[in-house]
>>> print(open('work_35.txt').read())   # compact mmCIF, C-alpha atoms
# COMPACT_ATOMS: atom_id res chain seq x y z
CA MET A 1 7.33 -72.30 -18.12
CA PHE A 2 5.83 -72.24 -14.62
CA GLU A 3 8.96 -70.63 -13.22
CA HIS A 4 8.40 -67.47 -15.23
CA PRO A 5 7.60 -64.31 -13.18
CA VAL A 6 4.36 -63.89 -15.17
CA PHE A 7 2.95 -66.96 -13.42
CA ASP A 8 3.88 -65.50 -10.02
CA ILE A 9 2.22 -62.21 -10.97
CA ALA A 10 -0.98 -64.04 -11.96
CA ILE A 11 -1.10 -65.93 -8.66
CA GLY A 12 -0.51 -62.76 -6.64
CA LEU A 13 -3.16 -60.79 -8.52
CA VAL A 14 -5.74 -63.58 -8.20
CA LEU A 15 -5.05 -63.83 -4.46
CA ILE A 16 -5.64 -60.09 -4.03
CA TYR A 17 -8.90 -60.34 -5.99
CA ALA A 18 -9.98 -63.31 -3.84
CA LEU A 19 -9.34 -61.46 -0.58
CA LEU A 20 -11.02 -58.26 -1.76
CA SER A 21 -13.98 -60.30 -3.04
CA ILE A 22 -14.49 -61.42 0.56
CA VAL A 23 -14.95 -57.74 1.45
CA VAL A 24 -17.54 -57.44 -1.35
CA SER A 25 -19.35 -60.52 -0.02
CA ILE A 26 -19.36 -59.08 3.50
CA LEU A 27 -20.83 -55.77 2.32
CA MET A 28 -23.51 -57.61 0.34
CA GLU A 29 -24.39 -59.74 3.37
CA MET A 30 -24.77 -56.59 5.47
CA TRP A 31 -26.97 -54.98 2.80
CA ASN A 32 -29.14 -58.08 2.37
CA GLN A 33 -29.49 -58.38 6.13
CA TYR A 34 -30.59 -54.75 6.36
CA ARG A 35 -33.03 -55.06 3.45
CA GLN A 36 -34.22 -58.56 4.51
CA SER A 37 -33.75 -59.63 0.89
CA ARG A 38 -33.71 -63.38 1.46
CA GLY A 39 -36.80 -63.43 3.67
CA LYS A 40 -38.80 -61.16 1.36
CA LEU A 41 -37.95 -63.20 -1.73
CA LEU A 42 -38.82 -66.44 0.09
CA ALA A 43 -42.22 -65.03 1.09
CA VAL A 44 -42.95 -63.87 -2.48
CA ALA A 45 -41.86 -67.24 -3.87
CA ILE A 46 -44.11 -69.24 -1.54
CA LYS A 47 -47.08 -67.00 -2.31
CA GLN A 48 -46.45 -67.54 -6.01
CA LEU A 49 -46.05 -71.30 -5.59
CA LEU A 50 -49.39 -71.62 -3.78
CA LYS A 51 -51.23 -68.91 -5.70
CA ASP A 52 -54.84 -69.94 -6.24
CA PRO A 53 -57.28 -67.12 -7.10
CA LEU A 54 -60.27 -69.51 -7.00
CA ASN A 55 -59.66 -70.62 -3.42
CA LYS A 56 -57.97 -69.35 -0.29
CA HIS A 57 -54.64 -67.53 -0.25
CA TYR A 58 -52.72 -70.62 0.79
CA GLY A 59 -49.36 -68.86 0.54
CA GLU A 60 -50.37 -66.30 3.16
CA LEU A 61 -51.94 -69.05 5.29
CA LEU A 62 -48.74 -71.09 5.19
CA LEU A 63 -46.56 -68.12 6.18
CA GLU A 64 -48.94 -67.39 9.05
CA HIS A 65 -49.03 -71.02 10.15
CA PHE A 66 -47.90 -71.61 13.72
CA LEU A 67 -44.95 -73.80 12.67
CA ILE A 68 -43.71 -71.22 10.16
CA LYS A 69 -44.46 -68.04 12.07
CA ASN A 70 -42.42 -69.24 15.05
CA LEU A 71 -39.32 -69.16 12.84
CA CYS A 72 -39.44 -65.36 12.80
CA ASN A 73 -37.43 -63.31 15.27
CA PRO A 74 -39.97 -61.87 17.74
CA ASP A 75 -37.78 -58.82 18.41
CA ASP A 76 -37.39 -57.38 14.91
CA ARG A 77 -40.19 -59.38 13.20
CA ARG A 78 -37.95 -60.31 10.28
CA PRO A 79 -39.42 -62.90 7.91
CA PRO A 80 -37.78 -66.34 7.98
CA GLN A 81 -34.87 -66.64 5.55
CA TYR A 82 -35.18 -70.41 5.22
CA ILE A 83 -38.03 -72.91 5.42
CA SER A 84 -37.14 -76.58 5.18
CA ALA A 85 -38.97 -78.89 2.78
CA ASN A 86 -40.17 -81.03 5.68
CA LEU A 87 -41.69 -78.04 7.48
CA PHE A 88 -43.33 -76.81 4.28
CA ALA A 89 -44.96 -80.20 3.65
CA GLU A 90 -46.17 -80.56 7.25
CA ALA A 91 -47.68 -77.08 7.29
CA LEU A 92 -49.37 -77.43 3.89
CA ILE A 93 -50.93 -80.81 4.76
CA ASP A 94 -52.14 -79.33 8.03
CA ILE A 95 -53.70 -76.29 6.32
CA ILE A 96 -55.59 -78.40 3.76
CA ALA A 97 -56.64 -80.97 6.36
CA GLN A 98 -57.93 -78.34 8.77
CA GLN A 99 -60.48 -77.25 6.18
CA ALA A 100 -62.38 -80.49 6.95
CA ARG A 101 -62.26 -80.04 10.73
CA HIS A 102 -63.99 -76.71 11.07
CA THR A 103 -67.43 -76.70 12.63
CA PHE A 104 -70.17 -75.31 10.40
CA VAL A 105 -72.99 -73.27 11.91
CA THR A 106 -76.29 -73.24 10.01
CA LEU A 107 -79.07 -70.76 10.50
CA GLU A 108 -82.64 -72.11 10.37
CA LEU A 109 -85.29 -69.50 9.67
CA PRO A 110 -88.26 -69.56 12.11
CA LYS A 111 -91.50 -71.05 10.94
CA VAL A 112 -94.63 -68.98 10.71
CA GLY A 113 -95.99 -68.25 14.17
CA GLU A 114 -92.68 -69.00 15.95
CA ARG A 115 -90.24 -66.52 17.43
CA GLY A 116 -86.45 -66.36 17.24
CA VAL A 117 -83.95 -68.50 15.35
CA GLU A 118 -82.49 -71.88 15.96
CA LEU A 119 -78.76 -72.65 15.57
CA CYS A 120 -77.61 -76.16 14.93
CA VAL A 121 -74.03 -77.45 14.61
CA ALA A 122 -73.12 -79.85 11.83
CA THR A 123 -69.80 -81.66 11.62
CA ASP A 124 -68.31 -83.69 8.81
CA SER A 125 -68.12 -87.47 8.81
CA SER A 126 -64.49 -87.62 9.89
CA GLU A 127 -65.20 -85.41 12.88
CA ARG A 128 -68.11 -87.60 13.91
CA THR A 129 -65.89 -90.62 13.62
CA ILE A 130 -63.33 -89.04 15.89
CA ASN A 131 -65.99 -88.04 18.40
CA GLU A 132 -67.40 -91.56 18.47
CA ARG A 133 -63.96 -93.06 18.98
CA ASP A 134 -63.18 -90.49 21.65
CA SER A 135 -66.37 -91.31 23.53
CA ALA A 136 -65.56 -95.00 23.40
CA GLY A 137 -61.84 -94.94 24.07
CA GLY A 138 -61.18 -91.50 25.59
CA GLU A 139 -59.55 -88.41 24.10
CA ARG A 140 -56.56 -88.98 21.84
CA GLU A 141 -54.94 -87.48 18.75
CA ALA A 142 -56.13 -88.36 15.26
CA SER A 143 -54.23 -91.11 13.53
CA VAL A 144 -52.25 -90.63 10.35
CA LYS A 145 -55.06 -92.24 8.34
CA GLU A 146 -57.51 -89.72 9.70
CA VAL A 147 -55.19 -86.86 8.75
CA ILE A 148 -54.96 -88.20 5.21
CA HIS A 149 -58.76 -88.54 5.13
CA ARG A 150 -59.17 -84.94 6.27
CA PHE A 151 -56.63 -83.86 3.64
CA LYS A 152 -58.77 -85.50 0.94
CA LEU A 153 -61.93 -83.85 2.29
CA GLY A 154 -60.12 -80.50 2.31
CA LEU A 155 -59.18 -80.95 -1.34
CA GLU A 156 -62.76 -81.90 -2.24
CA ALA A 157 -63.98 -78.72 -0.55
CA MET A 158 -61.79 -76.57 -2.81
CA GLU A 159 -63.04 -75.01 -6.03
CA PRO A 160 -61.58 -76.62 -9.18
CA SER A 161 -58.21 -74.99 -9.88
CA PRO A 162 -54.69 -75.91 -11.10
CA LEU A 163 -53.40 -76.02 -7.51
CA ARG A 164 -56.24 -78.35 -6.46
CA ASP A 165 -55.52 -80.63 -9.43
CA ALA A 166 -51.79 -80.73 -8.62
CA LEU A 167 -52.42 -81.58 -4.97
CA PHE A 168 -55.00 -84.20 -5.90
CA SER A 169 -52.50 -85.76 -8.30
CA MET A 170 -49.88 -85.99 -5.55
CA TYR A 171 -52.50 -87.45 -3.21
CA ASP A 172 -53.53 -90.11 -5.74
CA LYS A 173 -49.95 -91.03 -6.65
CA SER A 174 -49.02 -91.40 -2.99
CA GLY A 175 -51.58 -94.17 -2.59
CA GLN A 176 -53.15 -92.36 0.38
CA ASP A 177 -49.89 -92.85 2.29
CA TYR A 178 -48.93 -89.93 4.54
CA GLU A 179 -45.14 -90.32 4.22
CA LYS A 180 -45.27 -90.72 0.45
CA LEU A 181 -47.52 -87.66 0.15
CA LYS A 182 -45.12 -85.64 2.28
CA THR A 183 -42.17 -86.82 0.18
CA ARG A 184 -43.87 -85.68 -3.03
CA LEU A 185 -44.62 -82.28 -1.52
CA GLU A 186 -41.01 -81.96 -0.34
CA THR A 187 -39.68 -82.81 -3.81
CA TRP A 188 -42.04 -80.29 -5.38
CA TYR A 189 -40.86 -77.63 -2.93
CA ASP A 190 -37.13 -78.43 -3.36
CA ASP A 191 -37.37 -78.27 -7.16
CA TYR A 192 -39.09 -74.92 -6.94
CA MET A 193 -36.57 -73.56 -4.44
CA GLU A 194 -33.75 -74.37 -6.88
CA ARG A 195 -35.35 -71.97 -9.33
CA VAL A 196 -35.83 -69.38 -6.58
CA SER A 197 -32.12 -69.66 -5.78
CA GLY A 198 -31.39 -68.84 -9.41
CA TRP A 199 -33.63 -65.78 -9.21
CA TYR A 200 -31.84 -64.64 -6.06
CA LYS A 201 -28.40 -65.07 -7.65
CA ARG A 202 -29.42 -63.05 -10.69
CA ARG A 203 -30.67 -60.29 -8.43
CA GLN A 204 -27.45 -60.38 -6.46
CA GLY A 205 -25.41 -60.10 -9.66
CA LYS A 206 -26.39 -56.45 -10.02
CA ASN A 207 -25.62 -55.76 -6.38
CA ALA A 208 -22.25 -57.49 -6.73
CA LEU A 209 -21.28 -55.14 -9.56
CA VAL A 210 -22.27 -52.09 -7.50
CA PHE A 211 -20.39 -53.25 -4.40
CA GLY A 212 -17.43 -54.33 -6.53
CA PHE A 213 -17.03 -50.78 -7.78
CA LEU A 214 -17.59 -49.39 -4.27
CA VAL A 215 -14.72 -51.50 -2.94
CA ALA A 216 -12.51 -50.65 -5.93
CA ILE A 217 -13.09 -46.91 -5.46
CA GLY A 218 -13.25 -46.95 -1.66
CA LEU A 219 -9.94 -48.80 -1.33
CA ASN A 220 -8.35 -47.19 -4.41
CA VAL A 221 -7.57 -50.54 -6.03
CA ASP A 222 -6.06 -49.94 -9.48
CA SER A 223 -5.57 -53.30 -11.21
CA LEU A 224 -3.06 -51.90 -13.70
CA HIS A 225 -1.06 -50.42 -10.82
CA LEU A 226 -1.13 -53.78 -9.03
CA LEU A 227 0.11 -55.46 -12.20
CA HIS A 228 3.03 -53.05 -12.56
CA SER A 229 3.91 -53.26 -8.87
CA LEU A 230 3.91 -57.06 -8.81
CA SER A 231 6.06 -57.21 -11.93
CA MET A 232 8.71 -54.95 -10.30
CA ASP A 233 8.51 -56.05 -6.64
CA GLU A 234 9.93 -59.55 -6.28
CA GLY A 235 9.56 -59.54 -2.49
CA LEU A 236 5.82 -58.83 -2.69
CA ARG A 237 5.40 -61.56 -5.31
CA ARG A 238 7.15 -64.08 -3.07
CA GLU A 239 5.02 -63.20 -0.04
CA LEU A 240 1.78 -63.42 -2.02
CA ASN A 241 2.79 -66.74 -3.58
CA ASP A 242 3.61 -68.22 -0.18
CA MET A 243 0.24 -67.07 1.15
CA ALA A 244 -1.52 -68.40 -1.96
CA VAL A 245 -0.19 -71.90 -1.32
CA SER A 246 -1.43 -71.79 2.28
CA VAL A 247 -4.83 -70.42 1.27
CA ALA A 248 -5.24 -73.04 -1.47
CA ASP A 249 -4.45 -75.86 0.97
CA ASP A 250 -6.96 -74.60 3.52
CA TYR A 251 -9.67 -73.88 0.95
CA GLU A 252 -9.36 -77.28 -0.71
CA ALA A 253 -9.47 -79.12 2.61
CA LEU A 254 -12.80 -77.62 3.66
CA ALA A 255 -15.87 -79.65 2.71
CA ASP A 256 -18.53 -77.09 3.66
CA SER A 257 -18.38 -74.44 0.92
CA SER A 258 -20.62 -72.07 2.90
CA LYS A 259 -17.91 -71.69 5.54
CA GLN A 260 -14.83 -71.77 3.33
CA GLU A 261 -14.27 -68.03 3.12
CA ALA A 262 -14.75 -67.43 6.86
CA LEU A 263 -12.48 -70.30 7.94
CA VAL A 264 -9.76 -69.44 5.44
CA LEU A 265 -9.91 -65.86 6.69
CA GLU A 266 -9.61 -67.08 10.27
CA LYS A 267 -6.40 -68.98 9.43
CA LEU A 268 -4.99 -65.99 7.58
CA VAL A 269 -5.62 -63.71 10.54
CA ARG A 270 -3.90 -66.12 12.89
CA THR A 271 -0.92 -66.51 10.55
CA TYR A 272 -0.34 -62.99 9.27
CA ALA A 273 -2.09 -60.60 11.65
CA ALA A 274 -2.01 -62.25 15.08
CA ASP A 275 1.61 -63.34 15.56
CA SER A 276 2.06 -61.19 18.64
CA LEU A 277 -1.37 -61.71 20.19
CA SER A 278 -2.14 -63.79 23.25
CA ASP A 279 -4.39 -66.85 23.16
CA THR A 280 -7.26 -64.79 24.55
CA ASP A 281 -6.89 -62.21 21.79
CA GLU A 282 -6.80 -64.92 19.13
CA ARG A 283 -9.99 -66.48 20.46
CA LEU A 284 -11.61 -63.05 20.37
CA ILE A 285 -10.59 -62.57 16.74
CA ARG A 286 -11.88 -66.01 15.77
CA SER A 287 -15.22 -65.39 17.45
CA ARG A 288 -15.64 -62.07 15.67
CA ILE A 289 -14.88 -63.24 12.16
CA GLN A 290 -17.21 -66.23 12.18
CA LEU A 291 -20.35 -66.18 10.08
CA GLN A 292 -22.97 -64.50 12.27
CA ASP A 293 -25.68 -62.94 10.14
CA SER A 294 -27.34 -61.22 13.09
CA LEU A 295 -24.30 -59.22 14.22
CA ALA A 296 -23.06 -56.28 12.16
CA ASN A 297 -19.84 -56.15 14.20
CA SER A 298 -18.95 -59.59 12.87
CA TYR A 299 -19.10 -58.30 9.29
CA LEU A 300 -16.97 -55.29 10.12
CA MET A 301 -14.36 -57.38 11.92
CA ARG A 302 -14.09 -59.79 8.99
CA ALA A 303 -13.63 -56.93 6.52
CA ASP A 304 -11.09 -55.25 8.79
CA SER A 305 -9.18 -58.53 9.02
CA VAL A 306 -8.85 -58.76 5.23
CA LEU A 307 -7.65 -55.18 4.95
CA GLY A 308 -5.20 -55.72 7.80
CA ILE A 309 -3.66 -58.71 6.00
CA LEU A 310 -3.25 -56.76 2.74
CA SER A 311 -1.76 -53.84 4.66
CA ASP A 312 0.79 -56.07 6.42
CA LEU A 313 1.85 -57.38 3.02
CA THR A 314 2.29 -53.78 1.77
CA VAL A 315 -0.06 -54.36 -1.16
CA PRO A 316 -0.28 -51.01 -3.00
CA ILE A 317 -3.91 -50.13 -2.31
CA GLY A 318 -5.61 -47.42 -0.25
CA TRP A 319 -5.77 -43.66 -0.32
CA SER A 320 -2.78 -41.45 0.39
CA ALA A 321 -1.91 -37.82 -0.32
CA GLN A 322 1.30 -39.01 -1.94
CA THR A 323 -0.26 -41.54 -4.33
CA ALA A 324 -2.59 -41.17 -7.30
CA PRO A 325 -5.09 -39.68 -7.67
CA LEU A 326 -4.71 -37.39 -4.64
CA SER A 327 -1.04 -36.83 -5.47
CA TRP A 328 -1.92 -35.21 -8.80
CA ARG A 329 -2.40 -31.90 -6.93
CA ARG A 330 1.01 -32.04 -5.26
CA SER A 331 4.29 -30.80 -6.65
CA GLU A 332 6.77 -33.22 -8.17
CA ALA A 333 9.44 -32.15 -5.65
CA SER A 334 7.30 -33.10 -2.65
CA LEU A 335 6.52 -36.44 -4.22
CA SER A 336 10.17 -37.27 -4.83
CA ALA A 337 10.93 -36.55 -1.19
CA ALA A 338 8.39 -39.08 0.05
CA PRO A 339 9.90 -42.16 1.73
CA ALA A 340 9.57 -45.38 -0.24
CA PRO A 341 10.93 -48.40 1.61
CA ARG A 342 11.71 -51.71 -0.12
CA GLN A 343 11.35 -50.34 -3.64
CA SER A 344 13.71 -50.90 -6.53
CA ALA A 345 14.93 -48.10 -8.75
CA GLY A 346 12.53 -49.14 -11.52
CA LEU A 347 9.57 -49.25 -9.15
CA LEU A 348 10.49 -45.85 -7.70
CA ALA A 349 10.64 -44.32 -11.17
CA TYR A 350 7.31 -45.88 -12.14
CA ASN A 351 5.57 -44.62 -8.98
CA GLN A 352 7.05 -41.17 -9.56
CA ARG A 353 5.55 -41.00 -13.05
CA ARG A 354 2.19 -42.41 -11.96
CA ASN A 355 1.77 -40.09 -8.99
CA SER A 356 2.88 -36.90 -10.71
CA ARG A 357 0.51 -36.70 -13.68
CA VAL A 358 -3.12 -37.42 -14.52
CA SER A 359 -3.62 -40.62 -16.50
CA ILE A 360 -6.69 -42.19 -18.01
CA TRP A 361 -5.22 -45.62 -17.23
CA TYR A 362 -5.96 -45.09 -13.53
CA PHE A 363 -9.69 -45.06 -14.25
CA VAL A 364 -9.33 -48.07 -16.53
CA GLY A 365 -7.61 -49.94 -13.69
CA ILE A 366 -10.40 -49.05 -11.26
CA ALA A 367 -13.02 -50.27 -13.75
CA ILE A 368 -11.16 -53.56 -14.23
CA THR A 369 -11.07 -54.05 -10.45
CA GLY A 370 -14.77 -53.34 -10.02
CA ILE A 371 -15.75 -55.85 -12.70
CA ALA A 372 -13.30 -58.46 -11.38
CA LEU A 373 -14.56 -58.22 -7.79
CA SER A 374 -18.19 -58.52 -8.89
CA THR A 375 -17.59 -62.12 -10.02
CA GLY A 376 -17.46 -63.26 -6.37
CA ALA A 377 -14.95 -64.81 -4.00
CA PRO A 378 -15.68 -68.48 -4.93
CA PHE A 379 -14.74 -67.72 -8.55
CA TRP A 380 -11.34 -66.30 -7.61
CA PHE A 381 -10.63 -68.95 -4.98
CA ASP A 382 -11.29 -71.68 -7.56
CA ILE A 383 -8.91 -70.02 -10.03
CA LEU A 384 -6.33 -69.62 -7.27
CA LEU A 385 -6.63 -73.30 -6.44
CA LYS A 386 -6.10 -74.27 -10.09
CA LEU A 387 -3.08 -71.98 -10.49
CA VAL A 388 -1.44 -73.32 -7.34
CA ASN A 389 -2.02 -76.91 -8.48
CA ILE A 390 -0.48 -76.07 -11.85
CA ARG A 391 2.48 -74.50 -10.10
CA ARG A 392 2.95 -77.65 -8.04
CA ALA A 393 3.31 -79.57 -11.28
CA GLY A 394 6.45 -77.55 -11.97
CA GLY A 395 9.20 -76.24 -9.76
CA LYS A 396 8.91 -73.30 -7.41
CA PRO A 397 11.26 -70.48 -8.46
CA SER A 398 14.18 -69.95 -6.13
CA ALA A 399 14.71 -66.57 -4.47
CA SER A 400 17.37 -64.38 -6.05
CA GLN A 401 20.52 -63.67 -4.13
>>> encode(input="work_35.txt", output="structure tokens")
Amino acid sequence: MFEHPVFDIAIGLVLIYALLSIVVSILMEMWNQYRQSRGKLLAVAIKQLLKDPLNKHYGELLLEHFLIKNLCNPDDRRPPQYISANLFAEALIDIIAQQARHTFVTLELPKVGERGVELCVATDSSERTINERDSAGGEREASVKEVIHRFKLGLEAMEPSPLRDALFSMYDKSGQDYEKLKTRLETWYDDYMERVSGWYKRRQGKNALVFGFLVAIGLNVDSLHLLHSLSMDEGLRRELNDMAVSVADDYEALADSSKQEALVLEKLVRTYAADSLSDTDERLIRSRIQLQDSLANSYLMRADSVLGILSDLTVPIGWSAQTAPLSWRRSEASLSAAPAPRQSAGLLAYNQRRNSRVSIWYFVGIAITGIALSTGAPFWFDILLKLVNIRRAGGKPSASQ
């Protein structure tokens, strides 16, 4: 069963989708980097998490906090794309606690017969305690217990609100222990960020469909044409199946899923597109195709590497005056005279028919490609891995004489 050519065709088609999905991912990364999508959504999410109309705008205060604001790039002023749970908890505790450290200035109205006004400074009990300890033992930083005490005073100074109640509940359940309080805030933040990740993925789903169709049209990838070509070109099937086994081994061996696509691409470039390059050139290629969100050239080099691999394998994609749809304007005689290396008689006849007349199936094939690529590279790599593992359960078909 697994030696049937249909299984080889499926593996080859899935591999092509997986590689082209990398191009879609690269274009989406470039677009998100340009639009600052991650940073903007993170800022909106934090403001919503700490939204409290009855008190201060704690979301804005947290984003402007010294610890958070220093995460931004000072050159382009891009918002931070990631804030750790530990940093969030530290900044929020500091913001609430600082409400009890501010010095209050009171204005006393002059009595009858006196001139001017008198200003007096009043501090809270915790501040007086610190001052007394400082005068006795010298200047030093407040202890953790004092920070927790200030945090409680800051909560008591807030107007009654759902946010105040939630923070008070965490404070009470922590037993006035700083580490336990921070742990509860971190858990609260992590749970919320999981939902934010879901929102981001749903937003990216629409972008993935748009960029999937852009790649399908821009590279002229007709899925039905690929299916016919793979069914008639045994040499192409064999090359794609050999590459699929190598890709599946590399992809399965990588533990960090965030780097799987980039590292698999690096190995493919070294194997299929860098055979004649020197060690220096190979190092240059590897450095350019690594994940570097701040460099647009890195994205372009990674996309160019994928297209170079598919071109070396003579996968029938791309625009040409002698192939559909541009060939529909040319005469049948000029099309028959076009060179067609490594093609069987059946494949030549099929290409002749496809390139010589307008067909609605071309547009259907483009639509299938756009929808397929919008599902994402991880989806196709997982399917590829399963197909290769199924193939390993059976025997690999031998090459024909």
>>> closest_atom_pairs(input="work_35.txt", of="segment 194-256 of chain A", to="segment 300-311 of chain A", cutoff="12 Å", atoms="only C-alpha atoms", output="JSON lines")
{"residue": "A:Val215", "atom": "CA", "partner": "A:Ala303", "partner_atom": "CA", "distance": 11.0}
{"residue": "A:Gly218", "atom": "CA", "partner": "A:Leu307", "partner_atom": "CA", "distance": 11.9}
{"residue": "A:Leu219", "atom": "CA", "partner": "A:Leu307", "partner_atom": "CA", "distance": 9.2}
{"residue": "A:Val221", "atom": "CA", "partner": "A:Leu310", "partner_atom": "CA", "distance": 11.6}
{"residue": "A:Leu236", "atom": "CA", "partner": "A:Leu310", "partner_atom": "CA", "distance": 10.8}
{"residue": "A:Glu239", "atom": "CA", "partner": "A:Leu310", "partner_atom": "CA", "distance": 10.8}
{"residue": "A:Leu240", "atom": "CA", "partner": "A:Leu310", "partner_atom": "CA", "distance": 9.6}
{"residue": "A:Met243", "atom": "CA", "partner": "A:Ile309", "partner_atom": "CA", "distance": 10.4}
>>> write_last_selection(input="work_35.txt", atoms="C-alpha atoms", output="PDB file, in the coordinates of the input")
ATOM      1  CA  VAL A 215     -14.720 -51.500  -2.940  1.00  0.00           C
ATOM      2  CA  GLY A 218     -13.250 -46.950  -1.660  1.00  0.00           C
ATOM      3  CA  LEU A 219      -9.940 -48.800  -1.330  1.00  0.00           C
ATOM      4  CA  VAL A 221      -7.570 -50.540  -6.030  1.00  0.00           C
ATOM      5  CA  LEU A 236       5.820 -58.830  -2.690  1.00  0.00           C
ATOM      6  CA  GLU A 239       5.020 -63.200  -0.040  1.00  0.00           C
ATOM      7  CA  LEU A 240       1.780 -63.420  -2.020  1.00  0.00           C
ATOM      8  CA  MET A 243       0.240 -67.070   1.150  1.00  0.00           C
TER       9      MET A 243
END
>>> closest_residue(input="work_35.txt", among="A:Leu313, A:Pro325, A:Ala97, A:Val24", to="Gly235 of chain A", atoms="all atoms listed in the file")
A:Leu313
>>> atom_distance(input="work_35.txt", atom1="atom CA of Leu224 of chain A", atom2="atom CA of Trp380 of chain A")
17.7 Å
>>> atom_distance(input="work_35.txt", atom1="atom CA of Ser21 of chain A", atom2="atom CA of Tyr362 of chain A")
20.1 Å
>>> closest_residue(input="work_35.txt", among="A:Val23, A:Leu155, A:Met28, A:Ala345", to="Asn207 of chain A", atoms="all atoms listed in the file")
A:Met28
>>> closest_residue(input="work_35.txt", among="A:Asn241, A:Asn55, A:Ser356, A:Ser327", to="Ile16 of chain A", atoms="all atoms listed in the file")
A:Asn241
>>> residues_near_point(input="work_35.txt", point="(-5.6, -46.8, -3.2)", cutoff="10 Å", atoms="all atoms listed in the file", output="PyMOL selection string")
chain A and resi 216-222+225+315-320+323-326+366
>>> closest_residue(input="work_35.txt", among="A:Arg392, A:Thr369, A:Gly39, A:Lys51", to="Val210 of chain A", atoms="all atoms listed in the file")
A:Thr369
>>> residues_around(input="work_35.txt", residues="segment 168-174 of chain A", least_positions_apart="2", cutoff="12 Å", atoms="only C-alpha atoms", output="VMD selection string")
chain A and resid 89 93 96 148 to 158 160 to 166 176 to 188
>>> atom_distance(input="work_35.txt", atom1="atom CA of Ala10 of chain A", atom2="atom CA of Gly205 of chain A")
24.9 Å
>>> residues_around(input="work_35.txt", residues="Ile9 of chain A", least_positions_apart="5", cutoff="7 Å", atoms="all atoms listed in the file", output="MDAnalysis selection string")
chainID A and resid 230:231 237
>>> build_atoms(input="work_35.txt", residues="segment 43-55 of chain A", atoms="N, CA and C atoms", output="mmCIF file, in the coordinates of the input")
data_model
loop_
_atom_site.group_PDB
_atom_site.id
_atom_site.type_symbol
_atom_site.label_atom_id
_atom_site.label_comp_id
_atom_site.auth_asym_id
_atom_site.auth_seq_id
_atom_site.Cartn_x
_atom_site.Cartn_y
_atom_site.Cartn_z
ATOM 1 N N ALA A 43 -40.775 -65.230 0.898
ATOM 2 C CA ALA A 43 -42.220 -65.030 1.090
ATOM 3 C C ALA A 43 -42.932 -64.860 -0.257
ATOM 4 N N VAL A 44 -42.342 -64.065 -1.148
ATOM 5 C CA VAL A 44 -42.950 -63.870 -2.480
ATOM 6 C C VAL A 44 -42.982 -65.188 -3.252
ATOM 7 N N ALA A 45 -41.920 -65.975 -3.135
ATOM 8 C CA ALA A 45 -41.860 -67.240 -3.870
ATOM 9 C C ALA A 45 -42.915 -68.224 -3.386
ATOM 10 N N ILE A 46 -43.109 -68.312 -2.074
ATOM 11 C CA ILE A 46 -44.110 -69.240 -1.540
ATOM 12 C C ILE A 46 -45.522 -68.801 -1.926
ATOM 13 N N LYS A 47 -45.764 -67.494 -1.897
ATOM 14 C CA LYS A 47 -47.080 -67.000 -2.310
ATOM 15 C C LYS A 47 -47.325 -67.314 -3.782
ATOM 16 N N GLN A 48 -46.302 -67.225 -4.596
ATOM 17 C CA GLN A 48 -46.450 -67.540 -6.010
ATOM 18 C C GLN A 48 -46.641 -69.028 -6.228
ATOM 19 N N LEU A 49 -45.930 -69.845 -5.458
ATOM 20 C CA LEU A 49 -46.050 -71.300 -5.590
ATOM 21 C C LEU A 49 -47.465 -71.764 -5.265
ATOM 22 N N LEU A 50 -48.071 -71.189 -4.243
ATOM 23 C CA LEU A 50 -49.390 -71.620 -3.780
ATOM 24 C C LEU A 50 -50.503 -70.663 -4.220
ATOM 25 N N LYS A 51 -50.231 -69.870 -5.229
ATOM 26 C CA LYS A 51 -51.230 -68.910 -5.700
ATOM 27 C C LYS A 51 -52.433 -69.627 -6.287
ATOM 28 N N ASP A 52 -53.602 -69.286 -5.796
ATOM 29 C CA ASP A 52 -54.840 -69.940 -6.240
ATOM 30 C C ASP A 52 -55.983 -68.939 -6.132
ATOM 31 N N PRO A 53 -56.239 -68.160 -7.171
ATOM 32 C CA PRO A 53 -57.280 -67.120 -7.100
ATOM 33 C C PRO A 53 -58.669 -67.666 -6.813
ATOM 34 N N LEU A 54 -58.930 -68.946 -7.165
ATOM 35 C CA LEU A 54 -60.270 -69.510 -7.000
ATOM 36 C C LEU A 54 -60.520 -70.023 -5.587
ATOM 37 N N ASN A 55 -59.495 -70.098 -4.778
ATOM 38 C CA ASN A 55 -59.660 -70.620 -3.420
ATOM 39 C C ASN A 55 -58.994 -69.659 -2.427
#
